[in-house]
>>> print(open('model-v2.cif').read())   # mmCIF, C-alpha atoms
data_my_file
#
loop_
_atom_site.label_atom_id
_atom_site.label_comp_id
_atom_site.auth_asym_id
_atom_site.auth_seq_id
_atom_site.Cartn_x
_atom_site.Cartn_y
_atom_site.Cartn_z
CA MET A 10 -1.23 5.34 25.35
CA PHE A 11 -0.50 7.51 22.34
CA ARG A 12 -2.79 6.86 19.38
CA PHE A 13 -2.08 7.65 15.77
CA ARG A 14 -4.65 8.74 13.23
CA LEU A 15 -4.63 8.67 9.47
CA ASP A 16 -6.04 11.19 7.03
CA GLY A 17 -6.81 9.36 3.82
CA SER A 18 -7.40 12.50 1.80
CA SER A 19 -4.34 14.54 2.78
CA GLY A 20 -2.09 13.21 0.01
CA VAL A 21 0.73 12.82 2.56
CA PRO A 22 2.13 9.26 2.53
CA PRO A 23 0.90 7.28 5.57
CA TYR A 24 4.37 6.72 7.04
CA LEU A 25 5.08 10.47 6.95
CA GLN A 26 1.76 11.18 8.63
CA LEU A 27 2.84 8.97 11.54
CA VAL A 28 6.23 10.70 11.74
CA HIS A 29 4.61 14.16 11.66
CA GLN A 30 2.21 13.23 14.45
CA VAL A 31 5.04 12.24 16.78
CA ARG A 32 6.99 15.41 15.95
CA GLN A 33 3.92 17.56 16.47
CA SER A 34 2.96 15.83 19.71
CA LEU A 35 6.48 16.39 21.05
CA LEU A 36 6.24 20.08 20.21
CA LEU A 37 2.87 20.36 21.89
CA GLY A 38 3.95 18.37 24.94
CA TYR A 39 1.50 15.50 24.40
CA LEU A 40 4.45 13.12 24.18
CA ARG A 41 7.40 13.16 26.55
CA GLU A 42 10.71 11.43 26.92
CA GLY A 43 10.22 7.83 28.06
CA ASP A 44 6.68 7.47 26.69
CA ARG A 45 6.08 4.17 24.93
CA LEU A 46 4.70 4.25 21.42
CA PRO A 47 2.14 1.57 20.50
CA THR A 48 3.56 -1.62 19.01
CA VAL A 49 3.69 -2.13 15.26
CA LYS A 50 0.84 -4.63 15.48
CA GLU A 51 -1.29 -2.27 17.60
CA VAL A 52 -0.92 0.55 15.08
CA ALA A 53 -1.44 -1.77 12.09
CA ALA A 54 -4.68 -3.14 13.56
CA ASP A 55 -5.88 0.21 14.96
CA LEU A 56 -5.47 2.18 11.72
CA VAL A 57 -5.86 -0.84 9.40
CA ILE A 58 -2.54 -0.11 7.72
CA ASN A 59 0.37 -2.14 6.49
CA PRO A 60 2.71 -2.96 9.41
CA ASN A 61 5.69 -2.24 7.13
CA THR A 62 4.49 1.37 7.00
CA VAL A 63 4.64 1.59 10.80
CA VAL A 64 8.10 -0.02 10.84
CA LYS A 65 9.23 2.54 8.29
CA ALA A 66 7.85 5.44 10.36
CA TYR A 67 9.52 4.14 13.54
CA ARG A 68 12.83 3.78 11.69
CA GLN A 69 12.54 7.37 10.53
CA LEU A 70 11.85 8.52 14.11
CA GLU A 71 14.91 6.59 15.30
CA HIS A 72 16.96 8.13 12.52
CA GLU A 73 15.85 11.58 13.64
CA GLY A 74 16.75 10.75 17.24
CA LEU A 75 13.17 11.17 18.45
CA ALA A 76 12.50 7.56 19.42
CA GLY A 77 14.42 4.37 20.08
CA GLY A 78 13.61 0.69 20.22
CA ARG A 79 14.31 -1.33 23.36
CA PRO A 80 14.58 -5.03 22.53
CA GLY A 81 11.49 -6.91 23.67
CA GLN A 82 9.88 -3.82 25.19
CA GLY A 83 8.86 -1.60 22.33
CA THR A 84 9.64 1.82 20.92
CA PHE A 85 10.09 4.73 23.33
CA ILE A 86 10.37 8.48 22.95
CA THR A 87 13.97 9.54 23.51
CA ALA A 88 13.80 13.24 22.65
CA THR A 89 13.05 15.87 25.22
CA SER A 90 9.77 17.54 24.52
CA SER A 91 9.06 21.18 23.91
CA PRO A 92 10.39 23.60 26.56
CA VAL A 93 7.06 25.43 26.38
CA PRO A 94 4.73 24.07 29.09
CA PRO A 95 1.53 22.38 27.84
CA GLU A 96 -0.60 24.96 29.73
CA ALA A 97 0.82 27.76 27.57
CA HIS A 98 -0.13 25.74 24.48
CA GLN A 99 -3.64 25.28 25.84
CA ASP A 100 -4.13 29.03 26.37
CA LEU A 101 -2.79 29.82 22.91
CA ARG A 102 -4.93 27.15 21.35
CA ALA A 103 -8.04 28.46 23.10
CA SER A 104 -7.46 32.00 21.85
CA LEU A 105 -6.71 30.67 18.35
CA GLU A 106 -9.96 28.73 18.35
CA GLY A 107 -11.79 31.93 19.31
CA TRP A 108 -10.14 33.74 16.44
CA LEU A 109 -10.91 30.92 13.97
CA ARG A 110 -14.54 31.03 15.03
CA ALA A 111 -14.65 34.78 14.35
CA ALA A 112 -13.05 34.18 10.93
CA GLU A 113 -15.63 31.52 10.14
CA GLU A 114 -18.46 33.86 11.14
CA ALA A 115 -16.95 36.59 8.96
CA GLY A 116 -17.19 34.20 6.01
CA LEU A 117 -13.50 33.31 5.50
CA ASP A 118 -12.83 29.89 4.02
CA ASP A 119 -9.83 27.66 4.89
CA GLU A 120 -7.71 29.08 2.13
CA ALA A 121 -8.39 32.68 3.16
CA VAL A 122 -7.58 31.83 6.80
CA THR A 123 -4.28 30.21 5.80
CA ALA A 124 -3.39 33.17 3.60
CA LEU A 125 -4.25 35.66 6.34
CA ILE A 126 -2.13 33.80 8.90
CA ALA A 127 0.82 33.67 6.48
CA VAL A 128 0.59 37.42 5.78
CA ALA A 129 0.19 38.32 9.46
CA ARG A 130 3.14 36.13 10.41
CA GLN A 131 5.29 37.82 7.77
CA ASP A 132 4.30 41.30 8.98
CA LEU A 133 4.99 40.34 12.57
CA ARG A 134 8.42 38.99 11.68
CA GLN A 135 9.29 42.26 9.94
CA ASP A 136 8.06 44.28 12.90
CA LEU A 137 10.09 42.19 15.33
CA GLU A 138 13.12 42.63 13.07
CA LYS A 139 12.69 46.45 13.21
CA GLU A 140 12.33 46.44 16.99
CA ARG A 141 15.59 44.56 17.28
CA VAL A 142 17.46 47.09 15.09
CA PRO A 143 16.40 50.48 16.38
CA MET B 6 8.69 -8.16 12.38
CA THR B 7 10.99 -6.23 10.11
CA GLN B 8 10.44 -4.33 6.95
CA HIS B 9 11.17 -6.25 3.80
CA ASP B 10 14.48 -5.87 2.10
CA ALA B 11 14.27 -5.55 -1.66
CA GLY B 12 17.84 -6.62 -2.29
CA GLY B 13 19.83 -9.57 -1.10
CA SER B 14 17.43 -12.15 0.21
CA VAL B 15 15.48 -14.57 -1.95
CA PRO B 16 12.22 -13.01 -3.16
CA ALA B 17 8.98 -14.54 -1.94
CA LEU B 18 7.71 -14.55 -5.49
CA ARG B 19 9.39 -14.28 -8.82
CA THR B 20 7.88 -14.69 -12.26
CA ASP B 21 10.12 -14.86 -15.29
CA ARG B 22 8.68 -14.01 -18.72
CA LEU B 23 5.49 -15.69 -17.64
CA GLY B 24 2.76 -16.01 -20.26
CA ARG B 25 -0.51 -17.80 -20.81
CA ARG B 26 -2.32 -18.10 -24.11
CA TYR B 27 -6.01 -18.88 -24.48
CA GLY B 28 -6.43 -20.08 -28.06
CA LYS B 29 -4.93 -17.25 -30.15
CA VAL B 30 -5.16 -14.61 -27.45
CA TRP B 31 -2.53 -14.05 -24.79
CA GLY B 32 -4.21 -13.52 -21.42
CA LEU B 33 -0.85 -12.56 -19.96
CA ARG B 34 2.49 -12.13 -21.66
CA ASP B 35 6.09 -11.43 -20.79
CA CYS B 36 5.33 -10.98 -17.11
CA THR B 37 8.52 -10.60 -15.12
CA LEU B 38 8.28 -9.41 -11.56
CA GLU B 39 9.46 -9.91 -8.02
CA VAL B 40 7.81 -9.50 -4.65
CA PRO B 41 10.26 -9.41 -1.71
CA ALA B 42 9.67 -11.49 1.40
CA GLY B 43 7.57 -9.64 3.95
CA ALA B 44 5.91 -7.31 1.46
CA VAL B 45 2.21 -6.64 1.16
CA ALA B 46 1.90 -6.31 -2.61
CA ALA B 47 -1.14 -4.94 -4.41
CA LEU B 48 -2.04 -6.18 -7.87
CA VAL B 49 -4.16 -3.63 -9.72
CA GLY B 50 -5.68 -3.74 -13.18
CA PRO B 51 -8.97 -3.44 -15.04
CA ASN B 52 -11.16 -6.48 -15.66
CA GLY B 53 -9.61 -8.70 -18.28
CA ALA B 54 -6.10 -7.35 -17.62
CA GLY B 55 -4.81 -10.81 -16.75
CA LYS B 56 -4.88 -10.57 -12.95
CA THR B 57 -6.67 -13.84 -12.30
CA THR B 58 -4.56 -15.59 -14.96
CA LEU B 59 -1.42 -14.39 -13.17
CA LEU B 60 -2.72 -15.36 -9.72
CA GLU B 61 -3.82 -18.82 -10.86
CA MET B 62 -0.38 -19.50 -12.33
CA ILE B 63 1.25 -18.31 -9.09
CA ILE B 64 -0.82 -20.63 -6.93
CA GLY B 65 -0.24 -23.57 -9.28
CA LEU B 66 -3.79 -23.95 -10.56
CA LEU B 67 -2.98 -22.96 -14.13
CA GLU B 68 -0.07 -24.10 -16.24
CA PRO B 69 1.93 -21.32 -17.95
CA THR B 70 2.26 -21.40 -21.74
CA GLU B 71 5.73 -19.94 -21.32
CA GLY B 72 8.03 -18.72 -18.56
CA GLN B 73 8.03 -19.80 -14.94
CA VAL B 74 7.04 -19.00 -11.38
CA SER B 75 9.29 -19.43 -8.36
CA VAL B 76 8.18 -19.18 -4.77
CA PHE B 77 11.00 -18.51 -2.29
CA GLY B 78 13.56 -19.52 -4.91
CA GLN B 79 11.93 -22.84 -5.83
CA ALA B 80 10.39 -23.28 -9.24
CA SER B 81 6.70 -24.11 -9.02
CA ARG B 82 5.16 -26.75 -11.22
CA ALA B 83 1.46 -26.36 -11.72
CA GLY B 84 -0.71 -29.04 -10.19
CA THR B 85 1.94 -30.47 -7.86
CA ALA B 86 1.17 -30.84 -4.17
CA GLU B 87 4.28 -28.99 -3.09
CA ALA B 88 3.48 -26.00 -5.32
CA LEU B 89 0.01 -25.83 -3.79
CA ALA B 90 1.36 -26.19 -0.25
CA ARG B 91 3.67 -23.19 -0.45
CA VAL B 92 0.98 -20.70 -1.40
CA GLY B 93 -2.17 -19.95 0.55
CA TYR B 94 -5.06 -18.75 -1.58
CA VAL B 95 -8.20 -16.82 -0.81
CA ALA B 96 -10.43 -16.81 -3.88
CA GLN B 97 -12.71 -13.96 -4.84
CA ASP B 98 -15.99 -15.69 -3.99
CA HIS B 99 -14.63 -17.53 -0.90
CA PRO B 100 -15.58 -20.98 -2.22
CA LEU B 101 -16.48 -23.01 0.85
CA TYR B 102 -18.78 -25.97 1.21
CA ARG B 103 -21.92 -24.15 2.21
CA ASP B 104 -23.55 -27.14 3.89
CA PHE B 105 -20.49 -27.88 6.03
CA THR B 106 -20.21 -26.54 9.55
CA VAL B 107 -17.14 -24.41 10.31
CA ALA B 108 -15.66 -27.40 12.20
CA GLU B 109 -16.21 -29.68 9.19
CA MET B 110 -14.61 -27.10 6.92
CA LEU B 111 -11.53 -26.99 9.16
CA HIS B 112 -11.48 -30.79 9.30
CA PHE B 113 -11.48 -30.82 5.51
CA GLY B 114 -8.53 -28.40 5.52
CA ARG B 115 -6.64 -30.70 7.89
CA ALA B 116 -7.25 -33.72 5.66
CA MET B 117 -6.03 -31.86 2.59
CA ASN B 118 -2.89 -30.23 4.03
CA PRO B 119 -0.06 -32.11 5.74
CA SER B 120 1.21 -28.97 7.47
CA TRP B 121 -2.24 -27.91 8.74
CA ASP B 122 -2.25 -26.02 12.05
CA GLN B 123 -5.54 -26.90 13.74
CA GLY B 124 -4.62 -24.89 16.87
CA LEU B 125 -4.19 -21.73 14.82
CA ALA B 126 -7.43 -22.32 12.92
CA GLN B 127 -9.49 -22.85 16.09
CA ALA B 128 -7.85 -19.95 17.93
CA ARG B 129 -8.71 -17.64 15.04
CA MET B 130 -12.34 -18.77 14.99
CA ASP B 131 -12.53 -18.14 18.76
CA ALA B 132 -10.92 -14.72 18.47
CA LEU B 133 -13.28 -13.73 15.65
CA GLY B 134 -16.33 -15.09 17.48
CA ILE B 135 -17.26 -17.55 14.73
CA PRO B 136 -19.01 -20.62 16.25
CA LEU B 137 -17.52 -23.93 15.08
CA ASN B 138 -20.92 -25.65 14.90
CA ARG B 139 -22.49 -23.09 12.56
CA LYS B 140 -23.17 -23.95 8.92
CA ILE B 141 -21.06 -21.97 6.43
CA ARG B 142 -24.16 -20.69 4.63
CA ARG B 143 -25.45 -19.15 7.85
CA LEU B 144 -22.31 -17.04 8.28
CA SER B 145 -22.20 -13.41 7.14
CA GLY B 146 -20.15 -12.53 4.04
CA GLY B 147 -17.45 -11.08 6.29
CA GLN B 148 -17.31 -14.26 8.38
CA GLN B 149 -17.10 -16.44 5.26
CA ALA B 150 -14.16 -14.33 4.12
CA GLN B 151 -12.55 -14.81 7.56
CA VAL B 152 -13.01 -18.60 7.32
CA SER B 153 -11.47 -18.53 3.85
CA LEU B 154 -8.49 -16.58 5.13
CA THR B 155 -8.15 -18.93 8.10
CA MET B 156 -8.09 -21.94 5.74
CA ALA B 157 -5.22 -20.25 3.87
CA LEU B 158 -3.34 -19.24 7.05
CA ALA B 159 -3.61 -22.66 8.71
CA LYS B 160 -1.71 -24.22 5.81
CA HIS B 161 1.35 -22.35 7.09
CA ALA B 162 2.18 -21.24 3.58
CA PRO B 163 4.72 -18.39 3.55
CA LEU B 164 3.04 -16.65 0.60
CA LEU B 165 -0.63 -15.71 0.66
CA VAL B 166 -2.52 -14.77 -2.47
CA LEU B 167 -5.84 -12.95 -2.04
CA ASP B 168 -7.93 -12.42 -5.17
CA GLU B 169 -10.33 -9.49 -4.64
CA PRO B 170 -10.88 -10.65 -1.05
CA VAL B 171 -13.17 -7.78 -0.07
CA SER B 172 -15.10 -7.12 -3.27
CA SER B 173 -18.21 -8.91 -2.00
CA LEU B 174 -18.14 -7.31 1.47
CA ASP B 175 -19.85 -4.21 2.82
CA PRO B 176 -17.58 -1.36 3.99
CA VAL B 177 -17.57 -2.37 7.67
CA ALA B 178 -16.87 -6.06 6.94
CA ARG B 179 -14.20 -4.93 4.49
CA LEU B 180 -12.48 -2.85 7.14
CA GLU B 181 -12.64 -5.66 9.72
CA PHE B 182 -11.29 -8.17 7.23
CA MET B 183 -8.37 -5.92 6.29
CA ARG B 184 -7.73 -5.15 9.98
CA ASP B 185 -7.32 -8.89 10.51
CA VAL B 186 -5.01 -9.18 7.49
CA MET B 187 -2.83 -6.28 8.68
CA ALA B 188 -2.61 -7.66 12.24
CA THR B 189 -1.72 -11.08 10.83
CA ALA B 190 0.94 -9.54 8.62
CA ALA B 191 2.43 -7.89 11.73
CA ASP B 192 2.41 -11.13 13.71
CA HIS B 193 3.84 -13.58 11.21
CA ALA B 194 6.58 -13.38 8.64
CA LEU B 195 4.20 -13.62 5.71
CA THR B 196 4.16 -12.16 2.22
CA PHE B 197 0.86 -11.06 0.75
CA LEU B 198 -0.18 -10.55 -2.84
CA ILE B 199 -3.62 -8.93 -2.94
CA SER B 200 -5.56 -8.06 -6.06
CA SER B 201 -8.07 -5.27 -5.67
CA HIS B 202 -10.30 -2.82 -7.50
CA VAL B 203 -10.61 -0.47 -4.55
CA VAL B 204 -7.75 1.85 -5.50
CA SER B 205 -8.53 4.51 -2.91
CA GLU B 206 -7.99 2.07 -0.03
CA LEU B 207 -4.87 0.41 -1.34
CA GLU B 208 -2.31 2.97 -0.22
CA ARG B 209 -2.71 2.11 3.43
CA PHE B 210 -2.46 -1.66 2.82
CA CYS B 211 0.34 -2.16 0.36
CA ASP B 212 4.02 -1.29 0.22
CA TRP B 213 4.58 -2.92 -3.15
CA LEU B 214 2.59 -2.08 -6.25
CA ILE B 215 2.02 -4.03 -9.46
CA ILE B 216 -0.10 -2.51 -12.24
CA LEU B 217 -1.28 -4.85 -14.96
CA THR B 218 -3.16 -3.74 -18.08
CA GLY B 219 -3.83 -5.56 -21.33
CA GLY B 220 -1.91 -8.66 -20.25
CA HIS B 221 1.29 -6.74 -19.52
CA VAL B 222 2.94 -5.39 -16.39
CA GLN B 223 3.01 -1.59 -16.69
CA LEU B 224 4.59 -0.70 -13.36
CA ALA B 225 6.00 -2.72 -10.47
CA GLY B 226 8.09 -1.91 -7.42
CA PRO B 227 8.11 -0.40 -3.91
CA ALA B 228 5.10 1.95 -3.67
CA ASP B 229 7.04 4.80 -2.05
CA ASP B 230 9.79 4.69 -4.69
CA LEU B 231 7.26 4.62 -7.51
CA LEU B 232 5.45 7.62 -6.02
CA ALA B 233 8.71 9.53 -5.67
CA ALA B 234 9.58 8.79 -9.31
CA HIS B 235 6.50 10.56 -10.65
CA ARG B 236 5.47 14.24 -10.64
CA LEU B 237 2.42 16.17 -11.68
CA LEU B 238 3.36 19.10 -13.95
CA THR B 239 1.27 22.05 -15.01
CA VAL B 240 2.62 23.49 -18.26
CA PRO B 241 1.32 25.72 -21.09
CA ARG B 242 -1.05 23.81 -23.35
CA ALA B 243 1.16 23.86 -26.43
CA THR B 244 4.13 22.21 -24.70
CA PRO B 245 4.92 18.96 -26.53
CA ASP B 246 5.67 15.79 -24.57
CA ALA B 247 9.21 15.75 -25.95
CA GLU B 248 10.08 18.94 -24.05
CA LEU B 249 8.89 17.60 -20.71
CA PRO B 250 11.35 16.24 -18.16
CA GLY B 251 10.67 12.53 -18.28
CA ARG B 252 8.15 10.17 -19.83
CA THR B 253 4.53 11.26 -20.11
CA ILE B 254 2.18 8.79 -18.45
CA HIS B 255 -1.06 10.75 -18.56
CA ARG B 256 -1.99 14.13 -19.93
CA THR B 257 -5.06 16.31 -19.51
CA ASP B 258 -5.26 19.37 -21.78
CA SER B 259 -7.48 22.29 -20.85
CA ASP B 260 -7.89 25.63 -22.68
CA ARG B 261 -4.67 27.23 -21.56
CA HIS B 262 -2.59 24.67 -19.77
CA SER B 263 -1.96 20.95 -19.56
CA THR B 264 -1.65 18.78 -16.49
CA VAL B 265 0.82 16.02 -17.13
CA LEU B 266 1.81 13.11 -14.95
CA VAL B 267 5.41 12.25 -15.81
CA ARG B 268 7.85 9.61 -14.72
CA THR B 269 10.97 11.58 -13.93
CA ASP B 270 13.80 12.17 -11.46
CA PRO B 271 14.93 15.29 -9.56
CA VAL B 272 17.88 15.93 -11.90
CA ALA B 273 15.80 15.86 -15.10
CA LEU B 274 13.21 17.99 -13.35
CA ALA B 275 15.79 20.62 -12.34
CA VAL B 276 17.45 20.69 -15.77
CA HIS B 277 14.35 20.81 -17.97
CA SER B 278 11.90 22.87 -15.94
CA ARG B 279 11.07 26.31 -17.24
CA SER B 280 9.77 29.36 -15.48
CA GLY B 281 6.01 29.33 -15.24
CA TRP B 282 5.87 25.54 -14.96
CA GLN B 283 4.52 24.15 -11.76
CA ASP B 284 5.25 20.75 -10.39
CA GLY B 285 3.98 18.82 -7.41
CA PRO B 286 3.92 15.36 -5.89
CA VAL B 287 1.61 12.63 -7.15
CA SER B 288 -0.87 10.90 -4.89
CA PHE B 289 -1.14 7.12 -4.84
CA GLU B 290 -4.55 7.22 -6.45
CA GLN B 291 -3.44 9.64 -9.19
CA LEU B 292 -0.51 7.37 -9.99
CA VAL B 293 -2.59 4.22 -10.24
CA MET B 294 -5.39 5.88 -12.23
CA ALA B 295 -2.89 7.41 -14.68
CA TYR B 296 -1.48 3.99 -15.51
CA LEU B 297 -4.91 2.34 -15.65
CA GLN B 298 -6.19 4.93 -18.13
CA ARG B 299 -3.14 4.66 -20.31
CA PRO B 300 -3.33 2.58 -23.49
CA SER B 301 -1.67 -0.72 -22.75
CA THR B 302 1.92 -1.01 -23.90
CA ALA B 303 4.07 -4.10 -24.08
CA THR B 304 6.98 -2.45 -22.28
CA THR B 305 8.68 -4.31 -19.50
CA SER B 306 11.14 -1.53 -18.70
CA ASP B 307 9.48 -0.87 -15.35
CA ASN B 308 9.98 -4.41 -14.15
CA PRO B 309 12.75 -5.25 -11.77
CA GLY B 310 14.82 -8.30 -12.57
CA PRO B 311 17.36 -9.30 -15.17
CA ALA B 312 14.81 -10.38 -17.77
CA ALA B 313 13.80 -6.75 -18.25
CA ALA B 314 17.23 -6.01 -19.70
CA ARG B 315 17.22 -8.97 -22.05
CA PRO B 316 16.08 -8.33 -25.60
CA GLY B 317 12.84 -10.18 -26.04
CA PRO B 318 10.60 -11.05 -28.94
CA SER B 319 8.44 -8.14 -29.95
CA THR B 320 4.99 -8.39 -28.46
CA LYS B 321 1.78 -6.78 -29.55
CA ALA B 322 -0.79 -5.42 -27.21
CA VAL B 323 -3.49 -8.02 -26.82
CA THR B 324 -7.16 -7.33 -27.14
CA ARG B 325 -8.83 -6.77 -23.82
#
>>> encode(input="model-v2.cif", output="structure tokens")
Amino acid sequence: MFRFRLDGSSGVPPYLQLVHQVRQSLLLGYLREGDRLPTVKEVAADLVINPNTVVKAYRQLEHEGLAGGRPGQGTFITATSSPVPPEAHQDLRASLEGWLRAAEEAGLDDEAVTALIAVARQDLRQDLEKERVP
Amino acid sequence: MTQHDAGGSVPALRTDRLGRRYGKVWGLRDCTLEVPAGAVAALVGPNGAGKTTLLEMIIGLLEPTEGQVSVFGQASRAGTAEALARVGYVAQDHPLYRDFTVAEMLHFGRAMNPSWDQGLAQARMDALGIPLNRKIRRLSGGQQAQVSLTMALAKHAPLLVLDEPVSSLDPVARLEFMRDVMATAADHALTFLISSHVVSELERFCDWLIILTGGHVQLAGPADDLLAAHRLLTVPRATPDAELPGRTIHRTDSDRHSTVLVRTDPVALAVHSRSGWQDGPVSFEQLVMAYLQRPSTATTSDNPGPAAARPGPSTKAVTR
């Protein structure tokens, strides 16, 4: 069963954190079409949060077409998950973790890592653009 | 269960220009607010802000000097049995008869309340692992709080008022108590009004926020809407409040720039912002702390309800 988590210090409203986690898990292949999400009461008791917050998150997911309620059965994932197979994600994640470890050892803090990734992504995008237009 | 609906249906709680005077000092004045059915509302304020005065008038223990309280559309009269029956109350210090056993305590509850649900009370004690034959004084603080909550729940009152329910509990007992409250809120169509000092934990529990300082309501409404209506601006130090988009709630001036929490809307923000200004969202804790640190004002403009629009007698901030 899928389990939510809550980061109290992120500054992101709790209901949005729940929505983001479902979106992210769909992208990463942890959630697939037909999976049942925990009930409102299960999430409320598990995370010790207001059940209205969970209802609000589930409504947002329904609105986005990612999940749907079936009367008396619960809320289910209705969107198809990422076309990228989970194994590919695992490989990429493993190499990213290796890189993050190297960055940590080199003395980069979180902010420097984020900045470096943003710059590298921008450079890569420009390079790809150039390759496309010879 | 469904999320509460702020419009349309009868509010679980409504106070209309509610006030209570102690001698020459108003403990609470001009308090107009609504809590919709199904909400978990947090009541926040410093000591002496009038929280307990407000709660005691809501539960019918204290008679208002002026104004009135209605619970689910029915006016409450202090001291009447029906006013007491419609509101469940968990007091700060969980006043239980310490020499009673749990079973005797529940028996007492049954004798006092015509709508008492003994099945619910016993099932809760079983689920929480609290032995019925144990004396109240031999229970842990967390268990005493659970018994108190059970006494309130078994009355089958649609509105539950919890006054600082976790202030005497350690962090683990606090979490377990709130877990129980949240699960109960999911199971039953109940409305909660919870007063608390623990601002950092409130965001995950409440969807409705009421801030009370100096005997006056400073802010009240759906927590998400209130958060969206405030922004944190960083502007050059010399910028006067009048040039800012919206109403200044709290301001911190440093050498070169000022950080200002304003109540505003996207249009005002877009029209008035200048280059070099930064703005960002406000966290729940920042919002609450900004209002708590603010000098108390007698404004009721943040209150929902028709009374807010009515011209009222001018009120002075009371001494805290």
>>> residues_near_point(input="model-v2.cif", point="(1.6, 10.7, -10.1)", cutoff="6 Å", atoms="only C-alpha atoms", output="PyMOL selection string")
chain B and resi 235-237+266+287-288+291-292
>>> write_last_selection(input="model-v2.cif", atoms="C-alpha atoms", output="PDB file, keeping the file's coordinate frame")
ATOM      1  CA  HIS B 235       6.500  10.560 -10.650  1.00  0.00           C
ATOM      2  CA  ARG B 236       5.470  14.240 -10.640  1.00  0.00           C
ATOM      3  CA  LEU B 237       2.420  16.170 -11.680  1.00  0.00           C
ATOM      4  CA  LEU B 266       1.810  13.110 -14.950  1.00  0.00           C
ATOM      5  CA  VAL B 287       1.610  12.630  -7.150  1.00  0.00           C
ATOM      6  CA  SER B 288      -0.870  10.900  -4.890  1.00  0.00           C
ATOM      7  CA  GLN B 291      -3.440   9.640  -9.190  1.00  0.00           C
ATOM      8  CA  LEU B 292      -0.510   7.370  -9.990  1.00  0.00           C
TER       9      LEU B 292
END
>>> resolve_selection(input="model-v2.cif", expression="the PyMOL selection byres ((chain A) within 6 of (chain B))", output="PyMOL selection string")
chain A and resi 20+50+53-54+57-61
>>> residues_around(input="model-v2.cif", residues="segment 46-61 of chain B", least_positions_apart="6", cutoff="8 Å", atoms="all atoms listed in the file", output="MDAnalysis selection string")
chainID B and resid 25 32:33 40 67 166 168 196:202 204 207 211:221 297 325
>>> closest_residue(input="model-v2.cif", among="A:Glu140, A:Pro94, A:Leu125, A:Gly81", to="Trp108 of chain A", atoms="only C-alpha atoms")
A:Leu125
>>> atom_distance(input="model-v2.cif", atom1="atom CA of Gly43 of chain A", atom2="atom CA of Gln30 of chain A")
16.7 Å
